[in-house]
$ cat data.cif   # mmCIF, C-alpha atoms and all ligand atoms
data_model
loop_
_atom_site.label_atom_id
_atom_site.label_comp_id
_atom_site.auth_asym_id
_atom_site.auth_seq_id
_atom_site.Cartn_x
_atom_site.Cartn_y
_atom_site.Cartn_z
CA MET J 17 0.00 0.00 0.00
CA ILE J 18 1.46 3.33 -1.02
CA ILE J 19 0.94 6.30 1.15
CA ASN J 20 0.65 9.37 -1.10
CA MET J 21 0.03 12.63 0.63
CA ALA J 22 -0.47 14.52 -2.64
CA ALA J 23 -3.51 12.39 -3.45
CA THR J 24 -5.17 12.86 -0.09
CA MET J 25 -4.09 16.51 0.16
CA ARG J 26 -2.26 15.71 3.36
CA SER J 27 1.20 16.78 2.35
CA LEU J 28 3.97 17.82 4.65
CA VAL J 29 6.77 20.07 3.45
CA ILE J 30 10.14 19.04 4.90
CA GLY J 31 13.02 21.13 3.58
CA CYS J 32 12.96 20.89 -0.19
CA CYS J 33 10.72 17.83 -0.19
CA VAL J 34 7.09 16.99 0.04
CA VAL J 35 6.32 13.78 1.88
CA VAL J 36 3.47 12.05 0.15
CA PHE J 37 0.99 9.59 1.63
CA CYS J 38 -1.81 7.90 -0.32
CA PHE J 39 -3.64 4.66 -0.81
CA GLU J 40 -3.57 4.33 -4.56
CA ARG J 41 -1.23 3.81 -7.46
CA ALA J 42 1.30 6.63 -7.67
CA ARG J 43 1.14 8.31 -11.08
CA SER J 44 3.93 10.39 -12.46
CA ALA J 45 5.13 12.18 -15.54
CA LEU J 46 8.14 11.34 -17.66
CA PRO J 47 11.04 11.71 -17.31
CA ILE J 48 11.21 10.36 -13.79
CA VAL J 49 13.88 9.37 -11.26
CA VAL J 50 12.96 7.08 -8.37
CA ASN J 51 15.35 5.81 -5.71
CA THR J 52 15.36 3.91 -2.44
CA TRP J 53 15.35 5.84 0.86
CA PRO J 54 15.12 9.62 1.33
CA PHE J 55 18.35 10.20 -0.60
CA THR J 56 16.85 13.25 -2.25
CA ASN J 57 20.17 14.80 -3.30
CA ALA J 58 20.70 11.75 -5.47
CA THR J 59 17.21 12.05 -6.94
CA ASP J 60 17.87 15.70 -7.76
CA ALA J 61 21.25 14.91 -9.30
CA GLY J 62 19.70 12.26 -11.53
CA TYR J 63 16.82 14.49 -12.62
CA ASN J 64 19.16 17.43 -13.32
CA VAL J 65 20.79 15.31 -16.00
CA PHE J 66 17.47 15.27 -17.87
CA LEU J 67 17.10 19.04 -17.43
CA ASN J 68 20.54 19.47 -19.00
CA GLY J 69 19.75 17.24 -21.96
CA GLY J 70 21.66 14.19 -20.73
CA SER J 71 20.73 10.56 -21.26
CA VAL J 72 18.89 8.22 -18.88
CA VAL J 73 22.11 6.22 -18.43
CA ASP J 74 23.84 9.46 -17.38
CA ALA J 75 20.94 10.19 -15.01
CA VAL J 76 21.34 6.90 -13.13
CA GLU J 77 25.13 7.16 -13.05
CA LYS J 78 25.09 10.76 -11.80
CA GLY J 79 22.31 10.10 -9.29
CA CYS J 80 24.07 7.11 -7.77
CA SER J 81 27.45 8.91 -7.88
CA LYS J 82 25.97 11.73 -5.83
CA CYS J 83 25.21 9.27 -3.04
CA GLU J 84 28.73 7.83 -3.26
CA VAL J 85 30.22 11.32 -2.87
CA LEU J 86 27.84 12.24 -0.02
CA ARG J 87 28.36 8.78 1.55
CA CYS J 88 24.57 8.57 1.97
CA ASP J 89 23.93 7.50 5.54
CA GLY J 90 27.30 5.76 5.61
CA SER J 91 25.91 2.85 3.64
CA VAL J 92 26.95 4.07 0.20
CA GLY J 93 30.44 4.90 -1.01
CA GLU J 94 33.75 4.96 0.82
CA GLY J 95 34.49 5.66 4.47
CA SER J 96 32.07 3.40 6.33
CA ASP J 97 30.87 -0.16 6.97
CA PRO J 98 34.20 -2.01 6.92
CA ASP J 99 34.55 -5.77 6.51
CA GLU J 100 36.06 -8.14 9.12
CA ASP J 101 39.54 -6.88 8.23
CA GLY J 102 38.58 -3.21 8.45
CA GLU J 103 38.59 -2.74 4.67
CA VAL J 104 35.76 -0.93 2.84
CA THR J 105 34.78 -2.55 -0.48
CA LEU J 106 32.03 -1.53 -2.87
CA ASP J 107 29.35 -3.23 -5.00
CA ALA J 108 27.50 -1.51 -7.86
CA MET J 109 25.63 -2.14 -11.10
CA ILE J 110 23.92 -0.36 -13.96
CA MET J 111 21.48 -1.90 -16.45
CA ASP J 112 20.18 -0.47 -19.70
CA GLY J 113 16.63 -1.69 -20.36
CA LYS J 114 16.83 -0.84 -24.07
CA THR J 115 19.84 -3.01 -24.91
CA MET J 116 19.78 -5.32 -21.85
CA ASP J 117 23.44 -4.42 -21.37
CA VAL J 118 24.69 -4.60 -17.80
CA GLY J 119 27.89 -3.60 -16.03
CA SER J 120 28.63 -4.46 -12.44
CA VAL J 121 31.42 -4.62 -9.93
CA GLY J 122 31.57 -6.73 -6.79
CA CYS J 123 33.92 -6.31 -3.85
CA LEU J 124 35.66 -3.44 -5.64
CA ARG J 125 38.78 -2.37 -3.75
CA ASN J 126 40.40 1.07 -3.57
CA ILE J 127 38.19 2.84 -6.13
CA SER J 128 35.51 5.15 -4.73
CA SER J 129 33.28 5.65 -7.80
CA ALA J 130 31.85 2.15 -8.10
CA ILE J 131 28.83 3.04 -10.23
CA SER J 132 31.09 4.71 -12.82
CA VAL J 133 33.34 1.64 -12.94
CA ALA J 134 30.19 -0.47 -13.42
CA ARG J 135 29.26 1.74 -16.36
CA MET J 136 32.74 1.19 -17.80
CA VAL J 137 32.22 -2.57 -17.53
CA MET J 138 28.93 -2.13 -19.42
CA GLU J 139 30.30 0.13 -22.13
CA ARG J 140 33.94 -0.97 -22.48
CA THR J 141 33.71 -4.77 -22.19
CA ASP J 142 31.54 -7.64 -23.38
CA HIS J 143 31.32 -8.83 -19.78
CA THR J 144 28.70 -8.25 -17.10
CA LEU J 145 30.46 -8.48 -13.72
CA LEU J 146 34.05 -7.86 -12.61
CA ALA J 147 35.13 -8.51 -9.04
CA GLY J 148 37.77 -7.73 -6.45
CA GLU J 149 41.32 -6.69 -7.08
CA LEU J 150 41.13 -7.37 -10.79
CA ALA J 151 38.10 -5.09 -11.07
CA THR J 152 40.37 -2.45 -9.53
CA LYS J 153 43.03 -3.20 -12.16
CA PHE J 154 40.40 -2.73 -14.87
CA ALA J 155 39.27 0.54 -13.32
CA VAL J 156 42.82 1.88 -13.22
CA GLU J 157 43.26 0.96 -16.90
CA MET J 158 40.08 2.95 -17.59
CA GLY J 159 41.55 6.02 -15.87
CA PHE J 160 40.19 5.77 -12.32
CA LYS J 161 42.50 6.71 -9.43
CA GLU J 162 43.17 4.27 -6.59
CA SER J 163 42.69 5.53 -3.03
CA ASP J 164 42.21 4.15 0.46
CA LEU J 165 38.44 3.76 1.02
CA SER J 166 38.74 3.68 4.81
CA SER J 167 38.24 6.72 7.06
CA ASN J 168 38.45 7.61 10.74
CA LYS J 169 34.83 6.49 10.96
CA SER J 170 35.40 3.06 9.38
CA ASP J 171 38.58 2.58 11.46
CA THR J 172 36.61 3.35 14.63
CA MET J 173 33.81 1.01 13.60
CA PHE J 174 36.37 -1.73 13.03
CA LYS J 175 38.08 -1.17 16.40
CA GLN J 176 34.73 -1.16 18.23
CA TRP J 177 33.72 -4.39 16.49
CA ARG J 178 36.98 -6.07 17.54
CA ALA J 179 36.52 -4.79 21.10
CA ASN J 180 32.99 -6.28 21.06
CA ASN J 181 34.36 -9.79 20.36
CA CYS J 182 33.69 -9.31 16.64
CA GLN J 183 29.90 -9.03 16.98
CA PRO J 184 27.77 -9.06 14.87
CA ASN J 185 29.41 -11.95 13.04
CA PHE J 186 28.27 -13.75 9.91
CA ARG J 187 30.31 -16.96 10.11
CA VAL J 188 28.77 -20.30 11.04
CA ASN J 189 30.09 -23.80 11.68
CA VAL J 190 33.56 -22.59 12.57
CA SER J 191 35.74 -22.65 15.63
CA PRO J 192 36.17 -20.68 17.87
CA ASP J 193 32.47 -19.95 18.27
CA PRO J 194 31.91 -16.91 16.02
CA LYS J 195 29.01 -15.72 18.20
CA LYS J 196 31.48 -15.23 21.05
CA SER J 197 34.99 -14.82 19.66
CA CYS J 198 37.05 -13.21 16.97
CA GLY J 199 38.96 -15.35 14.49
CA PRO J 200 40.99 -16.68 12.88
CA TYR J 201 38.44 -19.43 12.35
CA GLN J 202 38.63 -23.00 11.20
CA PRO J 203 35.79 -25.22 10.03
CA THR J 204 34.30 -27.39 12.78
CA GLU J 205 34.45 -31.18 12.42
CA SER J 206 30.80 -31.56 11.63
CA THR J 207 28.42 -29.17 9.98
CA ARG J 208 25.60 -28.28 12.29
CA LEU J 209 22.44 -27.84 10.28
CA LEU J 210 21.38 -24.27 10.65
CA GLN J 211 18.09 -23.90 12.39
CA GLU J 212 15.38 -22.96 9.98
CA ASN J 213 15.32 -19.20 9.51
CA SER J 214 18.30 -18.69 11.80
CA ARG J 215 20.16 -16.66 9.17
CA ASN J 216 17.48 -14.17 8.52
CA ASP J 217 18.15 -11.14 10.68
CA LYS J 218 21.33 -9.14 10.25
CA GLY J 219 19.80 -6.12 11.90
CA VAL J 220 19.15 -4.24 8.69
CA GLY J 221 17.15 -1.21 9.75
CA TYR J 222 16.59 2.45 9.13
CA LEU J 223 19.95 3.62 10.44
CA ASN J 224 22.10 1.01 8.74
CA HIS J 225 19.87 0.70 5.71
CA ASP J 226 21.98 0.13 2.76
CA THR J 227 21.90 0.42 -0.91
CA ILE J 228 20.82 3.25 -3.06
CA GLY J 229 18.88 1.60 -5.86
CA MET J 230 17.67 3.90 -8.63
CA VAL J 231 15.35 3.57 -11.61
CA ALA J 232 15.03 6.32 -14.22
CA VAL J 233 12.76 6.49 -17.26
CA ASP J 234 13.21 9.13 -19.96
CA LYS J 235 10.40 10.75 -21.92
CA ASN J 236 10.59 7.99 -24.55
CA GLY J 237 10.12 5.20 -22.00
CA HIS J 238 13.79 4.19 -21.96
CA VAL J 239 14.36 2.50 -18.58
CA VAL J 240 17.70 2.25 -16.74
CA SER J 241 18.40 0.94 -13.24
CA GLY J 242 21.42 1.12 -10.96
CA THR J 243 22.70 0.43 -7.47
CA THR J 244 25.72 1.26 -5.36
CA THR J 245 26.60 0.28 -1.79
CA ASN J 246 29.41 -0.60 0.57
CA GLY J 247 27.43 -3.69 1.54
CA LEU J 248 27.00 -5.30 4.90
CA ASN J 249 28.86 -3.91 7.90
CA HIS J 250 31.52 -6.40 9.17
CA LYS J 251 30.96 -8.77 6.27
CA VAL J 252 33.31 -11.68 5.68
CA PRO J 253 36.06 -10.35 3.34
CA GLY J 254 35.22 -11.17 -0.27
CA ARG J 255 31.46 -11.04 0.33
CA VAL J 256 29.46 -9.69 -2.61
CA GLY J 257 25.87 -8.73 -1.87
CA ASP J 258 22.79 -8.50 -4.05
CA SER J 259 23.48 -5.01 -5.38
CA PRO J 260 25.68 -5.97 -8.37
CA ILE J 261 23.68 -9.10 -9.21
CA VAL J 262 21.39 -8.70 -12.21
CA GLY J 263 17.76 -9.22 -11.24
CA ALA J 264 18.59 -9.09 -7.55
CA GLY J 265 19.96 -5.59 -6.89
CA SER J 266 18.15 -4.10 -9.85
CA TYR J 267 16.66 -4.88 -13.25
CA ALA J 268 15.43 -2.85 -16.20
CA GLN J 269 13.59 -3.76 -19.37
CA ASN J 270 11.99 -1.25 -21.72
CA GLU J 271 8.22 -1.59 -22.15
CA MET J 272 8.05 -3.28 -18.74
CA GLY J 273 9.87 -1.08 -16.24
CA GLY J 274 12.64 -1.14 -13.69
CA ALA J 275 13.06 -2.23 -10.09
CA ALA J 276 15.71 -2.05 -7.39
CA ALA J 277 16.12 -3.72 -4.02
CA THR J 278 17.58 -2.75 -0.67
CA GLY J 279 17.97 -4.75 2.50
CA ASP J 280 19.48 -8.08 3.45
CA GLY J 281 21.19 -8.90 0.19
CA ASP J 282 22.43 -12.35 1.18
CA ILE J 283 18.84 -13.46 1.40
CA MET J 284 17.22 -11.25 -1.23
CA MET J 285 19.62 -12.30 -4.00
CA ARG J 286 18.34 -15.88 -3.76
CA PHE J 287 14.93 -14.74 -5.02
CA LEU J 288 15.79 -12.18 -7.73
CA PRO J 289 13.12 -9.74 -6.54
CA SER J 290 13.98 -6.97 -9.01
CA TYR J 291 13.67 -9.35 -11.97
CA THR J 292 10.39 -10.66 -10.60
CA ALA J 293 8.93 -7.20 -10.11
CA VAL J 294 9.80 -6.14 -13.66
CA GLN J 295 8.32 -9.30 -15.18
CA LEU J 296 5.13 -8.84 -13.17
CA MET J 297 4.83 -5.23 -14.37
CA GLY J 298 5.34 -6.57 -17.90
CA SER J 299 2.32 -8.80 -17.32
CA GLY J 300 0.26 -5.76 -16.42
CA MET J 301 0.55 -5.72 -12.64
CA THR J 302 0.73 -2.34 -10.90
CA PRO J 303 4.18 -1.36 -9.59
CA SER J 304 2.98 -1.58 -5.97
CA ASN J 305 1.65 -5.09 -6.40
CA ALA J 306 4.65 -6.16 -8.46
CA ALA J 307 6.96 -4.99 -5.65
CA LEU J 308 4.82 -6.78 -3.08
CA PHE J 309 4.66 -10.06 -5.01
CA SER J 310 8.42 -9.91 -5.60
CA ILE J 311 9.10 -10.09 -1.86
CA LYS J 312 6.37 -12.57 -0.92
CA PRO J 313 8.44 -15.68 -1.79
CA ILE J 314 11.22 -14.35 0.46
CA ILE J 315 8.85 -13.94 3.42
CA LYS J 316 7.77 -17.55 3.08
CA PHE J 317 11.31 -18.82 3.72
CA TYR J 318 12.66 -15.98 5.86
CA PRO J 319 9.77 -14.51 7.86
CA ASP J 320 12.04 -12.03 9.68
CA PHE J 321 14.04 -10.68 6.75
CA ASN J 322 14.34 -6.92 6.27
CA GLY J 323 14.21 -5.50 2.79
CA ALA J 324 12.38 -3.34 0.28
CA VAL J 325 11.80 -3.15 -3.47
CA ILE J 326 10.93 -0.11 -5.56
CA ALA J 327 9.22 -0.62 -8.92
CA VAL J 328 8.58 1.83 -11.78
CA ASN J 329 6.81 0.95 -15.01
CA SER J 330 7.67 2.46 -18.35
CA LYS J 331 4.84 5.00 -18.00
CA GLY J 332 6.42 6.35 -14.83
CA GLU J 333 3.92 4.83 -12.40
CA HIS J 334 5.74 3.68 -9.30
CA GLY J 335 5.30 1.76 -6.09
CA ALA J 336 7.22 -0.08 -3.41
CA ALA J 337 6.88 -2.80 -0.82
CA CYS J 338 8.93 -3.68 2.22
CA HIS J 339 9.17 -6.27 4.92
CA GLY J 340 10.59 -6.38 8.40
CA SER J 341 10.34 -4.60 11.71
CA GLY J 342 13.88 -3.28 11.26
CA ILE J 343 12.51 -1.00 8.55
CA GLY J 344 8.90 -0.55 9.69
CA THR J 345 8.05 2.18 7.22
CA PHE J 346 10.06 2.46 4.03
CA HIS J 347 10.60 5.81 2.32
CA TYR J 348 11.57 6.33 -1.28
CA SER J 349 12.26 9.43 -3.36
CA VAL J 350 10.64 10.45 -6.63
CA LYS J 351 11.31 13.36 -8.96
CA ASP J 352 9.14 13.86 -12.03
CA ASN J 353 9.15 17.66 -12.28
CA PRO J 354 11.81 20.37 -12.08
CA ASP J 355 10.50 21.81 -8.81
CA GLN J 356 10.58 19.23 -6.05
CA VAL J 357 11.38 15.73 -4.92
CA ASN J 358 8.45 13.82 -3.42
CA LEU J 359 9.02 11.32 -0.66
CA PHE J 360 6.70 8.33 -0.67
CA SER J 361 6.20 5.98 2.24
CA VAL J 362 5.00 2.41 2.50
CA LYS J 363 4.30 0.45 5.67
CA CYS J 364 6.18 -2.81 5.71
CA VAL J 365 4.13 -6.00 5.55
N1 LIG N 401 21.57 -4.91 -0.08
C1 LIG N 401 22.93 -4.65 0.06
C2 LIG N 401 23.73 -5.74 0.59
O1 LIG N 401 23.22 -6.64 1.24
O2 LIG N 401 24.91 -5.73 0.35
#
$ encode --input "data.cif" --output "structure tokens" --more "lines below"
Ligand code: GLY
Amino acid sequence: MIINMAATMRSLVIGCCVVVFCFERARSALPIVVNTWPFTNATDAGYNVFLNGGSVVDAVEKGCSKCEVLRCDGSVGEGSDPDEDGEVTLDAMIMDGKTMDVGSVGCLRNISSAISVARMVMERTDHTLLAGELATKFAVEMGFKESDLSSNKSDTMFKQWRANNCQPNFRVNVSPDPKKSCGPYQPTESTRLLQENSRNDKGVGYLNHDTIGMVAVDKNGHVVSGTTTNGLNHKVPGRVGDSPIVGAGSYAQNEMGGAAATGDGDIMMRFLPSYTAVQLMGSGMTPSNAALFSIKPIIKFYPDFNGAVIAVNSKGEHGAACHGSGIGTFHYSVKDNPDQVNLFSVKCV
């Protein structure tokens, strides 16, 4: 259910934004930029590309880049959410719904502009996904500068995590007990079967909410989606989340629409919610329902997971759905006119 204040005339002006609550399908004009969370500077940056005559691919790249530069809530870009070794690594993707070309990077080291490297993968290779140190090598060849992605903040987060016996911790079936002790770890003799649904809550919530996922549609119905994130705080080194995975982090297909996901990527990527939402919109479902039905299969297996999906069809109608008490109410940002960004809210199911 979308809450749209414009429709009910109950709108609240907060800074440059209007928060919108309604109970109906959200209609919009083209071009349009929609992104997860109240990252309105990113929405503005994406929309400004259209105002300046740029392309929809430029809009998604610039919008997501803005969040990388601003380090949106610490969950995007450099300087926060280190892995177990204290290193910050980035995941990003961009998908062109006209050509079905995709570029993504996973566990990118030492390069801050992950979405732009993803675009390079899309436009300068025949590949889809590059990962790790060799993705960095590619980026350097393409002219990007290497730099240390850590900061005082990420160093402090790392030290506090070590001082807290390395909690939270995402290892299982290793010794010493990862729920009590730091590593190094070794596999235990036998593999304890994980209790059903025991892996479903990593504490993803409003304050450590993650990815910016963005969908933009130009006035001709050309759909592009993108994501960028520094992933899960204290992840096992080498972990790649859902954000650079096609159909998981985002998906775009002209004449159907685009979708993007945020939340517990280790779980969400098993269900390809962005792909599902786009296919459902292609079958005529409203964006709100498509988003909802894309997360329903996840709820069945992981009733406590936290995550959200935004969905935009090629006419610019949009919606979202979310799940989990860690999020509660999910906010997303929409710009379809030169004057203001609207914030939409959905209550999580
Ligand atoms: N959804 C972002 C991540 O899990 O990495």
$ residues_near_ligand --input "data.cif" --ligand "ligand LIG 401 (chain N)" --cutoff "7 Å" --atoms "only C-alpha atoms and all ligand atoms" --output "compact mmCIF listing (two decimals) with C-alpha atoms, in the coordinates of the input"
# COMPACT_ATOMS: atom_id res chain seq x y z
CA ASP J 226 21.98 0.13 2.76
CA THR J 227 21.90 0.42 -0.91
CA THR J 245 26.60 0.28 -1.79
CA ASN J 246 29.41 -0.60 0.57
CA GLY J 247 27.43 -3.69 1.54
CA LEU J 248 27.00 -5.30 4.90
CA VAL J 256 29.46 -9.69 -2.61
CA GLY J 257 25.87 -8.73 -1.87
CA ASP J 258 22.79 -8.50 -4.05
CA SER J 259 23.48 -5.01 -5.38
CA ALA J 277 16.12 -3.72 -4.02
CA THR J 278 17.58 -2.75 -0.67
CA GLY J 279 17.97 -4.75 2.50
CA ASP J 280 19.48 -8.08 3.45
CA GLY J 281 21.19 -8.90 0.19
CA ASP J 282 22.43 -12.35 1.18
$ closest_residue --input "data.cif" --among "J:Val325, J:Gly344, J:Asp101, J:Ile315" --to "Thr292 in chain J" --atoms "only C-alpha atoms"
J:Val325
$ atom_distance --input "data.cif" --atom1 "CA of Thr207 in chain J" --atom2 "CA of Ser191 in chain J"
11.3 Å
$ closest_atom_pairs --input "data.cif" --of "range 142-243 of chain J" --to "range 50-55 of chain J" --cutoff "6 Å" --atoms "all atoms listed in the file" --output "tab-separated table"
residue	atom	partner	partner_atom	distance
J:Ile228	CA	J:Thr52	CA	5.5
J:Gly229	CA	J:Thr52	CA	5.4
J:Met230	CA	J:Asn51	CA	4.2
J:Val231	CA	J:Val50	CA	5.3
$ atom_distance --input "data.cif" --atom1 "CA of Gly237 in chain J" --atom2 "CA of Tyr291 in chain J"
18.0 Å
$ closest_atom_pairs --input "data.cif" --of "range 62-131 of chain J" --to "range 147-167 of chain J" --cutoff "8 Å" --atoms "only C-alpha atoms" --output "CSV"
residue,atom,partner,partner_atom,distance
J:Glu94,CA,J:Leu165,CA,4.8
J:Gly95,CA,J:Ser167,CA,4.7
J:Ser96,CA,J:Ser166,CA,6.8
J:Pro98,CA,J:Ser166,CA,7.6
J:Gly102,CA,J:Ser166,CA,7.8
J:Glu103,CA,J:Ser166,CA,6.4
J:Val104,CA,J:Leu165,CA,5.7
J:Thr105,CA,J:Leu165,CA,7.4
J:Val121,CA,J:Ala147,CA,5.4
J:Gly122,CA,J:Ala147,CA,4.6
J:Cys123,CA,J:Gly148,CA,4.9
J:Leu124,CA,J:Gly148,CA,4.8
J:Arg125,CA,J:Thr152,CA,6.0
J:Asn126,CA,J:Ser163,CA,5.0
J:Ile127,CA,J:Glu162,CA,5.2
J:Ser128,CA,J:Leu165,CA,6.6
$ write_last_selection --input "data.cif" --atoms "C-alpha atoms" --output "compact mmCIF listing (two decimals), in the coordinates of the input"
# COMPACT_ATOMS: atom_id res chain seq x y z
CA GLU J 94 33.75 4.96 0.82
CA GLY J 95 34.49 5.66 4.47
CA SER J 96 32.07 3.40 6.33
CA PRO J 98 34.20 -2.01 6.92
CA GLY J 102 38.58 -3.21 8.45
CA GLU J 103 38.59 -2.74 4.67
CA VAL J 104 35.76 -0.93 2.84
CA THR J 105 34.78 -2.55 -0.48
CA VAL J 121 31.42 -4.62 -9.93
CA GLY J 122 31.57 -6.73 -6.79
CA CYS J 123 33.92 -6.31 -3.85
CA LEU J 124 35.66 -3.44 -5.64
CA ARG J 125 38.78 -2.37 -3.75
CA ASN J 126 40.40 1.07 -3.57
CA ILE J 127 38.19 2.84 -6.13
CA SER J 128 35.51 5.15 -4.73
$ closest_atom_pairs --input "data.cif" --of "range 168-287 of chain J" --to "range 332-336 of chain J" --cutoff "10 Å" --atoms "all atoms listed in the file" --output "JSON lines"
{"residue": "J:Val231", "atom": "CA", "partner": "J:His334", "partner_atom": "CA", "distance": 9.9}
{"residue": "J:Ala232", "atom": "CA", "partner": "J:Gly332", "partner_atom": "CA", "distance": 8.6}
{"residue": "J:Val233", "atom": "CA", "partner": "J:Gly332", "partner_atom": "CA", "distance": 6.8}
{"residue": "J:Asp234", "atom": "CA", "partner": "J:Gly332", "partner_atom": "CA", "distance": 9.0}
{"residue": "J:Lys235", "atom": "CA", "partner": "J:Gly332", "partner_atom": "CA", "distance": 9.2}
{"residue": "J:Gly237", "atom": "CA", "partner": "J:Gly332", "partner_atom": "CA", "distance": 8.1}
{"residue": "J:Val239", "atom": "CA", "partner": "J:Gly332", "partner_atom": "CA", "distance": 9.6}
{"residue": "J:Gly273", "atom": "CA", "partner": "J:Gly332", "partner_atom": "CA", "distance": 8.3}
{"residue": "J:Gly274", "atom": "CA", "partner": "J:His334", "partner_atom": "CA", "distance": 9.5}
{"residue": "J:Ala275", "atom": "CA", "partner": "J:Ala336", "partner_atom": "CA", "distance": 9.1}
{"residue": "J:Ala276", "atom": "CA", "partner": "J:Ala336", "partner_atom": "CA", "distance": 9.6}
{"residue": "J:Ala277", "atom": "CA", "partner": "J:Ala336", "partner_atom": "CA", "distance": 9.6}
$ atom_distance --input "data.cif" --atom1 "CA of His238 in chain J" --atom2 "CA of Ser91 in chain J"
28.4 Å
$ residues_around --input "data.cif" --residues "Phe309 in chain J" --least-positions-apart "4" --cutoff "10 Å" --atoms "all atoms listed in the file" --output "ChimeraX atom specification"
/J:289,292-293,296,301,303-305,313-314,337
$ residues_around --input "data.cif" --residues "Asn353 in chain J" --least-positions-apart "6" --cutoff "9 Å" --atoms "only C-alpha atoms" --output "PyMOL selection string"
chain J and resi 44-48+63
$ closest_residue --input "data.cif" --among "J:Arg286, J:Ala58, J:Val85, J:Lys331" --to "Tyr318 in chain J" --atoms "all atoms listed in the file"
J:Arg286
$ residues_around --input "data.cif" --residues "Gln269 in chain J" --least-positions-apart "4" --cutoff "9 Å" --atoms "all atoms listed in the file" --output "list in words"
Met111, Asp112, Gly113, Lys114, Thr115, Met116, His238, Val239, Val240, Gly273, Gly274, Val294, Gln295, Gly298 and Ser330 of chain J
$ residues_around --input "data.cif" --residues "range 172-179 of chain J" --least-positions-apart "2" --cutoff "8 Å" --atoms "only C-alpha atoms" --output "PDB file with C-alpha atoms, in the frame of the given file"
ATOM      1  CA  SER J  96      32.070   3.400   6.330  1.00  0.00           C
ATOM      2  CA  ASP J  97      30.870  -0.160   6.970  1.00  0.00           C
ATOM      3  CA  PRO J  98      34.200  -2.010   6.920  1.00  0.00           C
ATOM      4  CA  ASP J  99      34.550  -5.770   6.510  1.00  0.00           C
ATOM      5  CA  GLU J 100      36.060  -8.140   9.120  1.00  0.00           C
ATOM      6  CA  ASP J 101      39.540  -6.880   8.230  1.00  0.00           C
ATOM      7  CA  GLY J 102      38.580  -3.210   8.450  1.00  0.00           C
ATOM      8  CA  ASN J 168      38.450   7.610  10.740  1.00  0.00           C
ATOM      9  CA  LYS J 169      34.830   6.490  10.960  1.00  0.00           C
ATOM     10  CA  SER J 170      35.400   3.060   9.380  1.00  0.00           C
ATOM     11  CA  ASN J 181      34.360  -9.790  20.360  1.00  0.00           C
ATOM     12  CA  CYS J 182      33.690  -9.310  16.640  1.00  0.00           C
ATOM     13  CA  GLN J 183      29.900  -9.030  16.980  1.00  0.00           C
ATOM     14  CA  PRO J 184      27.770  -9.060  14.870  1.00  0.00           C
ATOM     15  CA  CYS J 198      37.050 -13.210  16.970  1.00  0.00           C
ATOM     16  CA  HIS J 250      31.520  -6.400   9.170  1.00  0.00           C
TER      17      HIS J 250
END
$ residues_near_point --input "data.cif" --point "(28.2, 2.6, -22.5)" --cutoff "9 Å" --atoms "all atoms listed in the file" --output "ChimeraX atom specification"
/J:73,117,119,135-140
$ closest_residue --input "data.cif" --among "J:Ser132, J:Ser206, J:Asn358, J:Thr244" --to "Ser266 in chain J" --atoms "only C-alpha atoms"
J:Thr244
$ residues_around --input "data.cif" --residues "His339 in chain J" --least-positions-apart "2" --cutoff "9 Å" --atoms "all atoms listed in the file" --output "CSV table (one decimal) with C-alpha atoms, in the coordinates of the input"
chain,number,residue,atom,x,y,z
J,311,ILE,CA,9.1,-10.1,-1.9
J,315,ILE,CA,8.8,-13.9,3.4
J,319,PRO,CA,9.8,-14.5,7.9
J,320,ASP,CA,12.0,-12.0,9.7
J,321,PHE,CA,14.0,-10.7,6.8
J,322,ASN,CA,14.3,-6.9,6.3
J,323,GLY,CA,14.2,-5.5,2.8
J,324,ALA,CA,12.4,-3.3,0.3
J,337,ALA,CA,6.9,-2.8,-0.8
J,341,SER,CA,10.3,-4.6,11.7
J,342,GLY,CA,13.9,-3.3,11.3
J,343,ILE,CA,12.5,-1.0,8.6
J,344,GLY,CA,8.9,-0.6,9.7
J,345,THR,CA,8.0,2.2,7.2
J,346,PHE,CA,10.1,2.5,4.0
J,363,LYS,CA,4.3,0.4,5.7
J,364,CYS,CA,6.2,-2.8,5.7
J,365,VAL,CA,4.1,-6.0,5.6
$ build_atoms --input "data.cif" --residues "range 236-242 of chain J" --atoms "N, CA and C atoms" --output "mmCIF file, in the coordinates of the input"
data_model
loop_
_atom_site.group_PDB
_atom_site.id
_atom_site.type_symbol
_atom_site.label_atom_id
_atom_site.label_comp_id
_atom_site.auth_asym_id
_atom_site.auth_seq_id
_atom_site.Cartn_x
_atom_site.Cartn_y
_atom_site.Cartn_z
ATOM 1 N N ASN J 236 10.920 8.998 -23.526
ATOM 2 C CA ASN J 236 10.590 7.990 -24.550
ATOM 3 C C ASN J 236 10.350 6.599 -23.949
ATOM 4 N N GLY J 237 10.346 6.493 -22.631
ATOM 5 C CA GLY J 237 10.120 5.200 -22.000
ATOM 6 C C GLY J 237 11.356 4.333 -21.909
ATOM 7 N N HIS J 238 12.523 4.928 -22.093
ATOM 8 C CA HIS J 238 13.790 4.190 -21.960
ATOM 9 C C HIS J 238 14.089 4.046 -20.464
ATOM 10 N N VAL J 239 14.227 2.788 -20.011
ATOM 11 C CA VAL J 239 14.360 2.500 -18.580
ATOM 12 C C VAL J 239 15.795 2.065 -18.266
ATOM 13 N N VAL J 240 16.364 2.641 -17.210
ATOM 14 C CA VAL J 240 17.700 2.250 -16.740
ATOM 15 C C VAL J 240 17.644 2.114 -15.222
ATOM 16 N N SER J 241 18.343 1.116 -14.701
ATOM 17 C CA SER J 241 18.400 0.940 -13.240
ATOM 18 C C SER J 241 19.844 0.891 -12.781
ATOM 19 N N GLY J 242 20.058 1.183 -11.505
ATOM 20 C CA GLY J 242 21.420 1.120 -10.960
ATOM 21 C C GLY J 242 21.403 0.972 -9.454
#
